[in-house]
>>> print(open('entry_17.txt').read())   # compact mmCIF, C-alpha atoms and all ligand atoms
# COMPACT_ATOMS: atom_id res chain seq x y z
CA MET A 1 0.00 0.00 0.00
CA SER A 2 1.54 3.31 -1.02
CA GLU A 3 1.90 6.12 1.53
CA THR A 4 0.16 8.52 -0.78
CA GLU A 5 -2.90 6.39 -1.39
CA VAL A 6 -5.92 8.15 0.05
CA LEU A 7 -9.17 6.57 1.24
CA LEU A 8 -10.93 9.72 2.41
CA GLU A 9 -10.10 13.36 1.77
CA LEU A 10 -11.92 16.35 3.25
CA THR A 11 -11.24 19.66 1.53
CA ASP A 12 -12.47 22.90 3.06
CA VAL A 13 -15.54 21.22 4.54
CA LYS A 14 -18.05 23.47 6.31
CA LYS A 15 -21.30 22.87 8.11
CA HIS A 16 -23.22 25.95 9.16
CA PHE A 17 -26.56 25.16 10.84
CA PRO A 18 -29.17 27.90 10.39
CA ILE A 19 -30.85 29.28 13.51
CA ARG A 20 -34.45 30.24 12.78
CA LYS A 21 -36.71 32.50 14.81
CA GLY A 22 -40.27 33.84 14.74
CA VAL A 23 -43.42 32.67 12.97
CA PHE A 24 -41.81 32.88 9.55
CA LYS A 25 -38.82 30.86 10.75
CA LYS A 26 -36.50 33.51 9.47
CA VAL A 27 -32.81 32.59 9.56
CA VAL A 28 -31.27 34.93 12.13
CA ALA A 29 -27.78 33.41 12.45
CA HIS A 30 -25.71 30.31 11.79
CA VAL A 31 -23.90 27.89 14.08
CA LYS A 32 -20.52 27.45 12.39
CA ALA A 33 -20.20 23.88 13.67
CA VAL A 34 -17.50 22.98 11.14
CA ASP A 35 -15.74 25.81 9.38
CA GLY A 36 -13.23 24.79 6.75
CA VAL A 37 -11.74 21.43 7.64
CA ASN A 38 -9.07 19.61 5.59
CA PHE A 39 -7.60 16.20 6.37
CA THR A 40 -7.06 12.78 4.82
CA ILE A 41 -7.30 9.17 5.92
CA ARG A 42 -5.21 6.53 4.18
CA PRO A 43 -6.34 2.92 3.78
CA GLY A 44 -5.91 0.96 7.01
CA GLU A 45 -4.75 3.91 9.15
CA THR A 46 -6.26 5.48 12.26
CA VAL A 47 -6.78 9.20 12.45
CA GLY A 48 -7.77 10.63 15.82
CA LEU A 49 -10.13 13.62 15.89
CA VAL A 50 -9.86 15.46 19.20
CA GLY A 51 -11.28 18.59 20.78
CA GLU A 52 -13.49 19.95 23.53
CA SER A 53 -17.24 19.37 23.64
CA GLY A 54 -19.06 21.25 20.87
CA CYS A 55 -16.02 21.82 18.63
CA GLY A 56 -17.69 19.97 15.73
CA LYS A 57 -16.27 16.42 15.94
CA SER A 58 -19.57 14.55 15.62
CA THR A 59 -20.71 16.89 12.85
CA VAL A 60 -17.59 15.91 10.87
CA GLY A 61 -18.42 12.23 11.48
CA ARG A 62 -22.02 12.67 10.36
CA MET A 63 -20.99 14.46 7.17
CA ILE A 64 -18.61 11.60 6.33
CA MET A 65 -21.52 9.19 6.83
CA GLY A 66 -23.62 11.27 4.46
CA ALA A 67 -26.10 12.00 7.27
CA TYR A 68 -25.48 15.77 7.09
CA ARG A 69 -24.83 17.52 3.81
CA PRO A 70 -21.93 19.98 4.12
CA THR A 71 -22.62 23.66 3.52
CA ALA A 72 -19.42 23.76 1.44
CA GLY A 73 -16.40 21.67 0.56
CA HIS A 74 -15.75 18.13 -0.66
CA ILE A 75 -15.56 14.74 1.02
CA TRP A 76 -13.82 12.47 -1.45
CA PHE A 77 -14.15 8.78 -0.69
CA LYS A 78 -12.37 6.08 -2.68
CA PRO A 79 -13.33 2.74 -1.12
CA ASP A 80 -12.10 0.48 -3.91
CA GLY A 81 -8.88 2.31 -4.78
CA LYS A 82 -10.29 3.32 -8.18
CA GLN A 83 -13.31 5.56 -8.43
CA ARG A 84 -13.83 8.39 -5.97
CA THR A 85 -17.18 9.86 -4.97
CA ASP A 86 -17.80 13.24 -3.38
CA ILE A 87 -20.04 12.38 -0.42
CA ALA A 88 -20.67 16.12 -0.01
CA SER A 89 -22.63 16.33 -3.25
CA ALA A 90 -23.66 12.69 -3.81
CA GLU A 91 -27.28 11.73 -4.51
CA PRO A 92 -29.03 9.71 -1.78
CA SER A 93 -28.79 6.61 -4.01
CA GLU A 94 -24.99 7.06 -4.31
CA ILE A 95 -24.70 7.47 -0.54
CA ARG A 96 -26.71 4.27 -0.07
CA ALA A 97 -24.36 2.50 -2.45
CA LEU A 98 -21.37 3.65 -0.33
CA ARG A 99 -23.01 2.66 2.97
CA PRO A 100 -21.35 -0.78 3.18
CA TYR A 101 -17.91 0.82 2.91
CA VAL A 102 -18.25 3.42 5.66
CA GLN A 103 -19.85 2.60 8.98
CA MET A 104 -20.20 4.31 12.34
CA VAL A 105 -20.01 3.20 15.97
CA PHE A 106 -21.54 5.49 18.59
CA GLN A 107 -20.86 6.39 22.19
CA ASP A 108 -23.92 4.77 23.72
CA PRO A 109 -24.12 1.13 22.64
CA PHE A 110 -27.47 0.69 24.39
CA ALA A 111 -29.25 3.45 22.50
CA SER A 112 -27.90 2.25 19.17
CA LEU A 113 -29.01 -1.40 19.53
CA ASN A 114 -32.69 -2.28 19.07
CA PRO A 115 -33.76 -3.82 22.43
CA ARG A 116 -36.40 -6.00 20.73
CA MET A 117 -33.97 -7.78 18.42
CA THR A 118 -31.72 -10.69 19.33
CA ILE A 119 -28.02 -10.40 18.58
CA ARG A 120 -28.51 -12.77 15.62
CA GLU A 121 -31.21 -10.49 14.19
CA ILE A 122 -29.12 -7.36 14.81
CA LEU A 123 -26.18 -8.83 12.91
CA ALA A 124 -28.34 -10.36 10.16
CA GLU A 125 -30.16 -7.11 9.39
CA PRO A 126 -27.46 -5.25 7.39
CA LEU A 127 -26.52 -8.47 5.58
CA VAL A 128 -30.11 -9.15 4.54
CA VAL A 129 -31.05 -5.55 3.71
CA ASN A 130 -27.97 -5.19 1.50
CA LYS A 131 -28.50 -8.67 0.02
CA VAL A 132 -24.95 -9.71 0.88
CA VAL A 133 -25.63 -13.31 1.89
CA ARG A 134 -28.55 -15.67 2.53
CA GLY A 135 -29.27 -19.03 4.14
CA ARG A 136 -26.28 -21.01 5.38
CA ALA A 137 -23.80 -18.31 4.31
CA LEU A 138 -25.73 -15.77 6.41
CA GLU A 139 -25.38 -17.90 9.54
CA ASP A 140 -21.68 -18.44 8.76
CA ARG A 141 -21.06 -14.69 8.41
CA ILE A 142 -22.92 -13.98 11.68
CA ARG A 143 -20.76 -16.55 13.49
CA GLU A 144 -17.61 -15.11 11.94
CA LEU A 145 -18.55 -11.62 13.17
CA VAL A 146 -19.31 -12.81 16.67
CA GLU A 147 -15.95 -14.55 16.79
CA LEU A 148 -14.17 -11.48 15.40
CA VAL A 149 -15.37 -9.31 18.30
CA GLY A 150 -14.70 -11.92 20.98
CA LEU A 151 -18.29 -12.93 21.78
CA LYS A 152 -19.68 -16.46 21.86
CA ILE A 153 -22.04 -18.28 19.49
CA GLN A 154 -24.36 -19.01 22.42
CA HIS A 155 -24.87 -15.25 22.85
CA LEU A 156 -26.66 -15.00 19.51
CA GLY A 157 -30.16 -15.74 20.83
CA ARG A 158 -29.96 -13.12 23.59
CA TYR A 159 -31.24 -9.55 23.63
CA PRO A 160 -29.00 -6.48 24.16
CA HIS A 161 -30.16 -5.93 27.76
CA ALA A 162 -28.53 -9.22 28.76
CA PHE A 163 -25.07 -7.78 28.04
CA SER A 164 -22.69 -5.44 29.82
CA GLY A 165 -21.73 -2.08 28.29
CA GLY A 166 -18.47 -3.46 26.92
CA GLN A 167 -20.19 -6.48 25.36
CA ARG A 168 -22.84 -4.26 23.83
CA GLN A 169 -20.12 -2.15 22.25
CA ARG A 170 -18.64 -5.37 20.82
CA ILE A 171 -22.04 -6.12 19.27
CA SER A 172 -22.19 -2.60 17.76
CA ILE A 173 -18.72 -3.12 16.31
CA ALA A 174 -19.70 -6.52 14.89
CA ARG A 175 -22.75 -4.96 13.25
CA ALA A 176 -20.65 -2.14 11.80
CA LEU A 177 -18.19 -4.70 10.37
CA ALA A 178 -20.87 -6.91 8.80
CA LEU A 179 -20.59 -5.39 5.33
CA TYR A 180 -16.79 -5.37 5.13
CA PRO A 181 -16.34 -1.57 5.51
CA ARG A 182 -13.12 0.20 4.56
CA LEU A 183 -13.65 3.00 7.10
CA LEU A 184 -15.17 2.97 10.56
CA VAL A 185 -16.10 6.30 12.14
CA ALA A 186 -16.02 5.67 15.90
CA ASP A 187 -17.61 8.58 17.78
CA GLU A 188 -16.45 8.43 21.42
CA PRO A 189 -16.93 4.63 21.32
CA THR A 190 -15.53 4.06 24.79
CA SER A 191 -16.59 7.16 26.76
CA ALA A 192 -19.59 5.41 28.30
CA LEU A 193 -17.46 2.48 29.49
CA ASP A 194 -15.36 1.79 32.59
CA VAL A 195 -11.65 2.45 32.14
CA SER A 196 -10.72 -1.26 32.20
CA VAL A 197 -13.35 -2.05 29.58
CA GLN A 198 -12.22 0.92 27.48
CA ALA A 199 -8.81 -0.68 27.12
CA GLN A 200 -10.37 -3.98 26.04
CA ILE A 201 -12.43 -2.28 23.35
CA VAL A 202 -9.44 -0.28 22.09
CA ASN A 203 -7.35 -3.46 21.95
CA LEU A 204 -10.14 -5.23 20.13
CA ALA A 205 -10.35 -2.42 17.59
CA LEU A 206 -6.57 -2.62 17.01
CA GLU A 207 -6.69 -6.41 16.61
CA ILE A 208 -9.52 -6.14 14.10
CA GLN A 209 -7.59 -3.49 12.20
CA ASP A 210 -4.62 -5.84 11.95
CA ARG A 211 -6.79 -8.69 10.75
CA ILE A 212 -8.93 -6.94 8.18
CA GLY A 213 -7.02 -3.75 7.29
CA LEU A 214 -9.68 -1.24 8.27
CA ALA A 215 -9.22 2.54 8.57
CA TYR A 216 -10.62 4.37 11.60
CA LEU A 217 -11.63 7.92 12.28
CA PHE A 218 -11.47 7.79 16.06
CA ILE A 219 -13.37 10.69 17.63
CA SER A 220 -12.58 11.45 21.26
CA HIS A 221 -12.01 14.23 23.75
CA ASP A 222 -9.41 12.05 25.47
CA LEU A 223 -5.89 12.86 24.26
CA GLY A 224 -4.44 9.82 26.03
CA LEU A 225 -6.69 7.34 24.29
CA VAL A 226 -6.08 8.93 20.93
CA ARG A 227 -2.31 8.96 21.40
CA HIS A 228 -2.07 5.20 21.68
CA PHE A 229 -4.54 4.49 19.00
CA SER A 230 -3.87 6.95 16.20
CA LYS A 231 -1.19 7.34 13.60
CA ARG A 232 -2.15 10.93 12.96
CA ILE A 233 -4.15 13.36 15.04
CA VAL A 234 -6.44 16.22 14.08
CA LEU A 235 -7.09 18.76 16.83
CA MET A 236 -10.17 20.94 16.46
CA TYR A 237 -11.20 24.15 18.17
CA VAL A 238 -14.61 25.72 17.46
CA GLY A 239 -15.12 24.24 14.01
CA LYS A 240 -11.55 24.63 12.78
CA ILE A 241 -8.43 22.48 12.78
CA VAL A 242 -5.74 24.07 14.94
CA GLU A 243 -3.13 21.33 14.64
CA TYR A 244 -2.74 18.21 12.50
CA ALA A 245 0.26 15.94 12.93
CA PRO A 246 1.56 12.40 13.35
CA ALA A 247 1.02 11.33 16.99
CA GLU A 248 4.62 11.36 18.21
CA PRO A 249 5.75 14.79 16.96
CA LEU A 250 2.48 16.21 18.26
CA PHE A 251 3.14 14.95 21.79
CA ASN A 252 6.86 15.77 21.69
CA ARG A 253 6.58 19.24 20.31
CA PRO A 254 3.11 20.74 19.89
CA LEU A 255 2.95 23.70 17.52
CA HIS A 256 -0.26 25.33 18.72
CA PRO A 257 -0.90 26.99 22.12
CA TYR A 258 -4.27 25.25 22.43
CA THR A 259 -2.58 21.84 22.13
CA GLU A 260 -0.01 22.88 24.72
CA ALA A 261 -2.77 23.94 27.12
CA LEU A 262 -4.65 20.65 26.68
CA MET A 263 -1.47 18.65 27.27
CA SER A 264 -0.54 20.66 30.36
CA ASN A 265 -3.83 19.55 31.91
CA VAL A 266 -3.17 15.84 31.48
CA PRO A 267 -2.19 14.31 34.87
CA THR A 268 1.59 14.17 35.20
CA THR A 269 3.89 11.51 36.61
CA ARG A 270 6.21 14.30 37.81
CA PRO A 271 4.63 16.07 40.81
CA GLU A 272 7.13 18.97 40.62
CA LEU A 273 5.52 19.94 37.29
CA VAL A 274 1.94 20.17 38.55
CA GLY A 275 2.28 23.95 38.81
CA ARG A 276 2.91 24.19 35.06
CA ARG A 277 -0.71 23.54 34.27
CA ILE A 278 -2.01 26.18 31.85
CA ILE A 279 -5.40 27.39 33.01
CA LEU A 280 -7.35 28.51 29.94
CA LYS A 281 -9.10 31.83 30.38
CA GLY A 282 -12.85 31.98 29.74
CA GLU A 283 -15.04 29.56 27.84
CA PRO A 284 -14.59 28.00 24.39
CA ALA A 285 -15.67 30.50 21.71
CA ASP A 286 -19.30 30.61 20.63
CA PRO A 287 -19.64 28.92 17.19
CA ILE A 288 -22.52 31.30 16.35
CA ASN A 289 -20.30 34.31 16.73
CA PRO A 290 -16.65 33.19 16.84
CA PRO A 291 -14.01 35.85 17.60
CA ALA A 292 -12.40 37.61 14.64
CA GLY A 293 -8.94 36.46 13.65
CA CYS A 294 -7.78 33.32 15.42
CA PRO A 295 -10.78 31.84 17.26
CA PHE A 296 -8.47 30.86 20.13
CA HIS A 297 -6.91 34.31 20.64
CA PRO A 298 -9.09 35.49 23.58
CA ARG A 299 -7.86 32.50 25.61
CA CYS A 300 -4.29 32.37 24.34
CA ASN A 301 -1.37 33.38 26.56
CA TYR A 302 0.78 34.16 23.53
CA ALA A 303 -1.73 36.24 21.54
CA GLN A 304 -0.51 39.41 19.82
CA GLU A 305 -2.30 42.07 17.84
CA ILE A 306 -2.41 40.19 14.53
CA CYS A 307 -4.23 37.27 16.25
CA SER A 308 -7.39 39.31 16.78
CA THR A 309 -7.61 40.43 13.17
CA VAL A 310 -6.07 37.90 10.78
CA VAL A 311 -7.36 34.31 10.55
CA PRO A 312 -4.30 32.03 10.69
CA GLU A 313 -4.08 29.48 7.89
CA LEU A 314 -3.36 25.85 8.71
CA ARG A 315 0.25 25.62 7.47
CA GLU A 316 2.86 22.88 7.25
CA ILE A 317 5.53 23.91 9.76
CA GLU A 318 7.51 20.68 9.80
CA PRO A 319 7.08 17.77 7.39
CA GLY A 320 3.55 16.44 7.90
CA HIS A 321 3.03 18.69 10.95
CA LEU A 322 0.52 21.49 10.40
CA SER A 323 -0.47 24.32 12.74
CA ALA A 324 -2.90 27.21 12.48
CA CYS A 325 -0.94 29.61 14.71
CA HIS A 326 0.67 32.80 13.39
CA PHE A 327 3.63 32.14 15.67
CA ALA A 328 3.99 28.37 15.29
CA GLU A 329 7.65 28.67 14.21
CA SER A 330 8.81 30.98 16.97
CA LEU A 331 6.95 29.71 20.05
CA ASN A 332 8.78 27.04 21.94
CA LEU A 333 5.84 25.09 23.33
CA THR A 334 6.04 22.29 25.86
CA GLY A 335 4.63 18.91 24.93
CA CYS A 336 3.43 15.94 26.89
CA ASP A 337 6.79 14.25 26.92
CA ALA A 338 8.53 17.12 28.75
CA LEU A 339 5.56 17.39 31.11
CA GLY A 340 5.66 13.70 32.00
CA CYS A 341 2.04 13.24 31.00
CA ALA A 342 0.65 10.00 32.33
CA ILE A 343 -0.67 8.90 28.98
N1 LIG B 401 -28.46 19.65 14.10
C1 LIG B 401 -27.90 20.73 14.63
N2 LIG B 401 -28.50 21.94 14.57
C2 LIG B 401 -27.93 23.05 15.11
N3 LIG B 401 -26.73 23.05 15.73
C3 LIG B 401 -26.08 21.88 15.83
C4 LIG B 401 -26.63 20.65 15.29
N4 LIG B 401 -25.73 19.65 15.54
C5 LIG B 401 -24.70 20.21 16.21
N5 LIG B 401 -24.91 21.54 16.38
C6 LIG B 401 -23.99 22.50 17.03
O1 LIG B 401 -22.76 22.40 16.36
C7 LIG B 401 -21.67 22.49 17.27
C8 LIG B 401 -20.81 21.26 17.14
O2 LIG B 401 -21.52 20.12 17.60
P1 LIG B 401 -20.93 18.64 17.59
O3 LIG B 401 -21.98 17.75 18.13
O4 LIG B 401 -20.38 18.35 16.26
O5 LIG B 401 -19.74 18.78 18.63
P2 LIG B 401 -18.80 17.65 19.30
O6 LIG B 401 -17.40 18.12 19.12
O7 LIG B 401 -19.16 16.33 18.77
O8 LIG B 401 -19.16 17.76 20.85
P3 LIG B 401 -19.23 16.62 21.98
O9 LIG B 401 -17.80 16.36 22.41
O10 LIG B 401 -20.04 17.25 23.07
O11 LIG B 401 -19.88 15.41 21.39
C9 LIG B 401 -22.28 22.69 18.66
O12 LIG B 401 -22.30 24.05 18.93
C10 LIG B 401 -23.69 22.14 18.48
O13 LIG B 401 -24.57 22.78 19.37
MG MG B 402 -19.93 14.59 19.65
>>> encode(input="entry_17.txt", output="C-alpha cells")
Amino acid sequence: MSETEVLLELTDVKKHFPIRKGVFKKVVAHVKAVDGVNFTIRPGETVGLVGESGCGKSTVGRMIMGAYRPTAGHIWFKPDGKQRTDIASAEPSEIRALRPYVQMVFQDPFASLNPRMTIREILAEPLVVNKVVRGRALEDRIRELVELVGLKIQHLGRYPHAFSGGQRQRISIARALALYPRLLVADEPTSALDVSVQAQIVNLALEIQDRIGLAYLFISHDLGLVRHFSKRIVLMYVGKIVEYAPAEPLFNRPLHPYTEALMSNVPTTRPELVGRRIILKGEPADPINPPAGCPFHPRCNYAQEICSTVVPELREIEPGHLSACHFAESLNLTGCDALGCAI
C-alpha cells in the first residue's frame, strides 16, 4: 500500500446550521459547527479527531456518513482504490451505495441497539437488507462476526439488555463490520465504558484493524486514548483544525498553544511539574459568533495584535506537521513528553 494512497479526503468542509426565529422561521444566524476542515485518511490507518465538547467532531463524522450535507467543501471517498465519490454532493442513491464501505459506531451502545432484536437479528439485518448473503452463508457470516469481536455463538439468541456495556459495544462493532467496511467512524466509542473495559475495546479495535485492514476515524475528547490508537491526530477548536500531525511529533513538540494547554492539563507523573498547568481563560468560543482572527486568541497566553484580526491558515511547519498559529515557528511550546504526561 503506497503512503500517498488516500481513502478519504476532506477539503475545506463546512457545516453551518441555520438558527431560525419567529413565525416565519427567518434565519437569524448560523452555528458554524465545522468551518473549513481539511484532512485525509489513508487505507488501514487510524486518524484521531480530538477537541473539547461542541467543537464539531460529531458533525464531521455525520458528514462523512452522508447523514449531514456539508454547507461547502468536498468529502472524497475512494473505497475500492479506483473511483472516488464526493459524499458532499452525492445523490441519496450514491450514498446508499457507499453505505457498506463506511460505517459508524456510537458512544452509547445501548441506545444504538434495538432492544427488541436478538443479537442474531441485529447482525443479520445489514446483511439481509444489502443482500450480501442468505441461508447457510448468512449464519456463517454472523458466526464469523461474533468470533471477530470476541463474543460467543451461544450469545446469539440473547437480547441487548442481557449484556454489559463493553459487550454491547462489541455487538455494535460486529454490526458495523458486517458489510466489510473500509472505514469505521467511531464517535467516542468508549466514553460510556469503565476504564478497564475501554482498554479492552481499544485493543479489540486494534486487533480487528490488523486482521482486516480497516481505517478508523477515532473521535474522542481524550488525548491519552487517541495517542495510543492513532497514527495521525487532528485537533479541532470551534469548528476549525488548529493542529494536525503524526502522533509522536504532536506529543513531543506541539505547535499550537491550544494543544499545549490541553497537554498541560493531562495528569503528570512528575509532581514537581503540577504547577505548570495552563489554566485557559474563559469559555470556548461561541460557534454562532466566533471571535475575529484566530478563534483561540481570547484564551491564548501568547496572543498578539495580529491574532485578533487575521485568521491564521493551517500551514505545514515541519514535514507532515501542520499548525494554524501565526507564531507556530517561533513559540517554543512544551509537549506531553517534557511534562511527564501519564498517557
Ligand atoms: N443539528 C444541529 N442543529 C444546530 N446546531 C447543531 C446541530 N448539531 C450540532 N450543532 C452545534 O454544532 C456544534 C458542534 O456540535 P458537535 O456535536 O459536532 O460537537 P462535538 O465536538 O461532537 O461535541 P461533543 O464532544 O459534546 O460530542 C455545537 O455548537 C452544536 O450545538
Ligand atoms: Mg460529539
>>> closest_residue(input="entry_17.txt", among="A:Arg141, A:Arg276, A:Arg69, A:Arg315", to="Arg175 (chain A)", atoms="all atoms listed in the file")
A:Arg141
>>> atom_distance(input="entry_17.txt", atom1="CA of Lys82 (chain A)", atom2="CA of Lys131 (chain A)")
23.3 Å
>>> residues_around(input="entry_17.txt", residues="Thr85 (chain A)", least_positions_apart="5", cutoff="7 Å", atoms="only C-alpha atoms", output="list in words")
Trp76, Phe77 and Lys78 of chain A
>>> atom_distance(input="entry_17.txt", atom1="atom C6 of ligand LIG 401 (chain B)", atom2="CA of Thr59 (chain A)")
7.7 Å
>>> closest_atom_pairs(input="entry_17.txt", of="region 25-110 of chain A", to="region 262-274 of chain A", cutoff="12 Å", atoms="only C-alpha atoms", output="Markdown table")
| residue | atom | partner | partner_atom | distance |
| --- | --- | --- | --- | --- |
| A:Val50 | CA | A:Leu262 | CA | 10.5 |
| A:Gly51 | CA | A:Leu262 | CA | 9.1 |
| A:Glu52 | CA | A:Leu262 | CA | 9.4 |
>>> residues_near_ligand(input="entry_17.txt", ligand="ligand MG 402 (chain B)", cutoff="8 Å", atoms="all atoms listed in the file", output="number ranges by chain")
A: 53-54, 56-59, 187-188, 219
>>> residues_near_ligand(input="entry_17.txt", ligand="ligand LIG 401 (chain B)", cutoff="12 Å", atoms="all atoms listed in the file", output="PyMOL selection string")
chain A and resi 14-20+29-35+49-63+67-70+106-108+186-189+191+218-222+235-241+284-290
>>> axis_aligned_box(input="entry_17.txt", around="region 117-131 of chain A", padding_each_side="3 Å", output="JSON")
{"center_x": -30.1, "center_y": -9.0, "center_z": 9.7, "size_x": 13.8, "size_y": 13.6, "size_z": 25.3}
>>> residues_around(input="entry_17.txt", residues="Glu125 (chain A)", least_positions_apart="4", cutoff="12 Å", atoms="all atoms listed in the file", output="ChimeraX atom specification")
/A:113-114,117-121,129-134,138-139,141-142,174-176,178-179
>>> residues_near_point(input="entry_17.txt", point="(-24.2, -5.7, 19.3)", cutoff="8 Å", atoms="all atoms listed in the file", output="list in words")
Pro109, Leu113, Ile119, Ile122, Leu123, Pro160, Gln167, Arg168, Gln169, Arg170, Ile171, Ser172, Ile173, Ala174 and Arg175 of chain A
>>> residues_around(input="entry_17.txt", residues="Asp86 (chain A)", least_positions_apart="4", cutoff="10 Å", atoms="all atoms listed in the file", output="list in words")
Leu8, Glu9, Leu10, Ile64, Gly66, Gly73, His74, Ile75, Trp76, Phe77, Lys78, Ala90, Glu91, Glu94 and Ile95 of chain A
>>> atom_distance(input="entry_17.txt", atom1="CA of Leu333 (chain A)", atom2="CA of Thr259 (chain A)")
9.1 Å
>>> residues_around(input="entry_17.txt", residues="Leu322 (chain A)", least_positions_apart="3", cutoff="12 Å", atoms="only C-alpha atoms", output="PDB file with C-alpha atoms, in the coordinates of the input")
ATOM      1  CA  ASN A  38      -9.070  19.610   5.590  1.00  0.00           C
ATOM      2  CA  PHE A  39      -7.600  16.200   6.370  1.00  0.00           C
ATOM      3  CA  ARG A 232      -2.150  10.930  12.960  1.00  0.00           C
ATOM      4  CA  ILE A 233      -4.150  13.360  15.040  1.00  0.00           C
ATOM      5  CA  VAL A 234      -6.440  16.220  14.080  1.00  0.00           C
ATOM      6  CA  LEU A 235      -7.090  18.760  16.830  1.00  0.00           C
ATOM      7  CA  ILE A 241      -8.430  22.480  12.780  1.00  0.00           C
ATOM      8  CA  VAL A 242      -5.740  24.070  14.940  1.00  0.00           C
ATOM      9  CA  GLU A 243      -3.130  21.330  14.640  1.00  0.00           C
ATOM     10  CA  TYR A 244      -2.740  18.210  12.500  1.00  0.00           C
ATOM     11  CA  ALA A 245       0.260  15.940  12.930  1.00  0.00           C
ATOM     12  CA  PRO A 246       1.560  12.400  13.350  1.00  0.00           C
ATOM     13  CA  PRO A 249       5.750  14.790  16.960  1.00  0.00           C
ATOM     14  CA  LEU A 250       2.480  16.210  18.260  1.00  0.00           C
ATOM     15  CA  ARG A 253       6.580  19.240  20.310  1.00  0.00           C
ATOM     16  CA  PRO A 254       3.110  20.740  19.890  1.00  0.00           C
ATOM     17  CA  LEU A 255       2.950  23.700  17.520  1.00  0.00           C
ATOM     18  CA  HIS A 256      -0.260  25.330  18.720  1.00  0.00           C
ATOM     19  CA  PRO A 312      -4.300  32.030  10.690  1.00  0.00           C
ATOM     20  CA  GLU A 313      -4.080  29.480   7.890  1.00  0.00           C
ATOM     21  CA  LEU A 314      -3.360  25.850   8.710  1.00  0.00           C
ATOM     22  CA  ARG A 315       0.250  25.620   7.470  1.00  0.00           C
ATOM     23  CA  GLU A 316       2.860  22.880   7.250  1.00  0.00           C
ATOM     24  CA  ILE A 317       5.530  23.910   9.760  1.00  0.00           C
ATOM     25  CA  GLU A 318       7.510  20.680   9.800  1.00  0.00           C
ATOM     26  CA  PRO A 319       7.080  17.770   7.390  1.00  0.00           C
ATOM     27  CA  CYS A 325      -0.940  29.610  14.710  1.00  0.00           C
ATOM     28  CA  HIS A 326       0.670  32.800  13.390  1.00  0.00           C
ATOM     29  CA  ALA A 328       3.990  28.370  15.290  1.00  0.00           C
ATOM     30  CA  GLU A 329       7.650  28.670  14.210  1.00  0.00           C
TER      31      GLU A 329
END
>>> residues_around(input="entry_17.txt", residues="Ala199 (chain A)", least_positions_apart="4", cutoff="9 Å", atoms="only C-alpha atoms", output="PyMOL selection string")
chain A and resi 190+194-195+203-204+225
>>> decode(input="entry_17.txt", residues="region 285-320 of chain A", atoms="C-alpha atoms", output="compact mmCIF listing (two decimals), in the first residue's frame")
# COMPACT_ATOMS: atom_id res chain seq x y z
CA ALA A 285 -15.67 30.50 21.71
CA ASP A 286 -19.30 30.61 20.63
CA PRO A 287 -19.64 28.92 17.19
CA ILE A 288 -22.52 31.30 16.35
CA ASN A 289 -20.30 34.31 16.73
CA PRO A 290 -16.65 33.19 16.84
CA PRO A 291 -14.01 35.85 17.60
CA ALA A 292 -12.40 37.61 14.64
CA GLY A 293 -8.94 36.46 13.65
CA CYS A 294 -7.78 33.32 15.42
CA PRO A 295 -10.78 31.84 17.26
CA PHE A 296 -8.47 30.86 20.13
CA HIS A 297 -6.91 34.31 20.64
CA PRO A 298 -9.09 35.49 23.58
CA ARG A 299 -7.86 32.50 25.61
CA CYS A 300 -4.29 32.37 24.34
CA ASN A 301 -1.37 33.38 26.56
CA TYR A 302 0.78 34.16 23.53
CA ALA A 303 -1.73 36.24 21.54
CA GLN A 304 -0.51 39.41 19.82
CA GLU A 305 -2.30 42.07 17.84
CA ILE A 306 -2.41 40.19 14.53
CA CYS A 307 -4.23 37.27 16.25
CA SER A 308 -7.39 39.31 16.78
CA THR A 309 -7.61 40.43 13.17
CA VAL A 310 -6.07 37.90 10.78
CA VAL A 311 -7.36 34.31 10.55
CA PRO A 312 -4.30 32.03 10.69
CA GLU A 313 -4.08 29.48 7.89
CA LEU A 314 -3.36 25.85 8.71
CA ARG A 315 0.25 25.62 7.47
CA GLU A 316 2.86 22.88 7.25
CA ILE A 317 5.53 23.91 9.76
CA GLU A 318 7.51 20.68 9.80
CA PRO A 319 7.08 17.77 7.39
CA GLY A 320 3.55 16.44 7.90
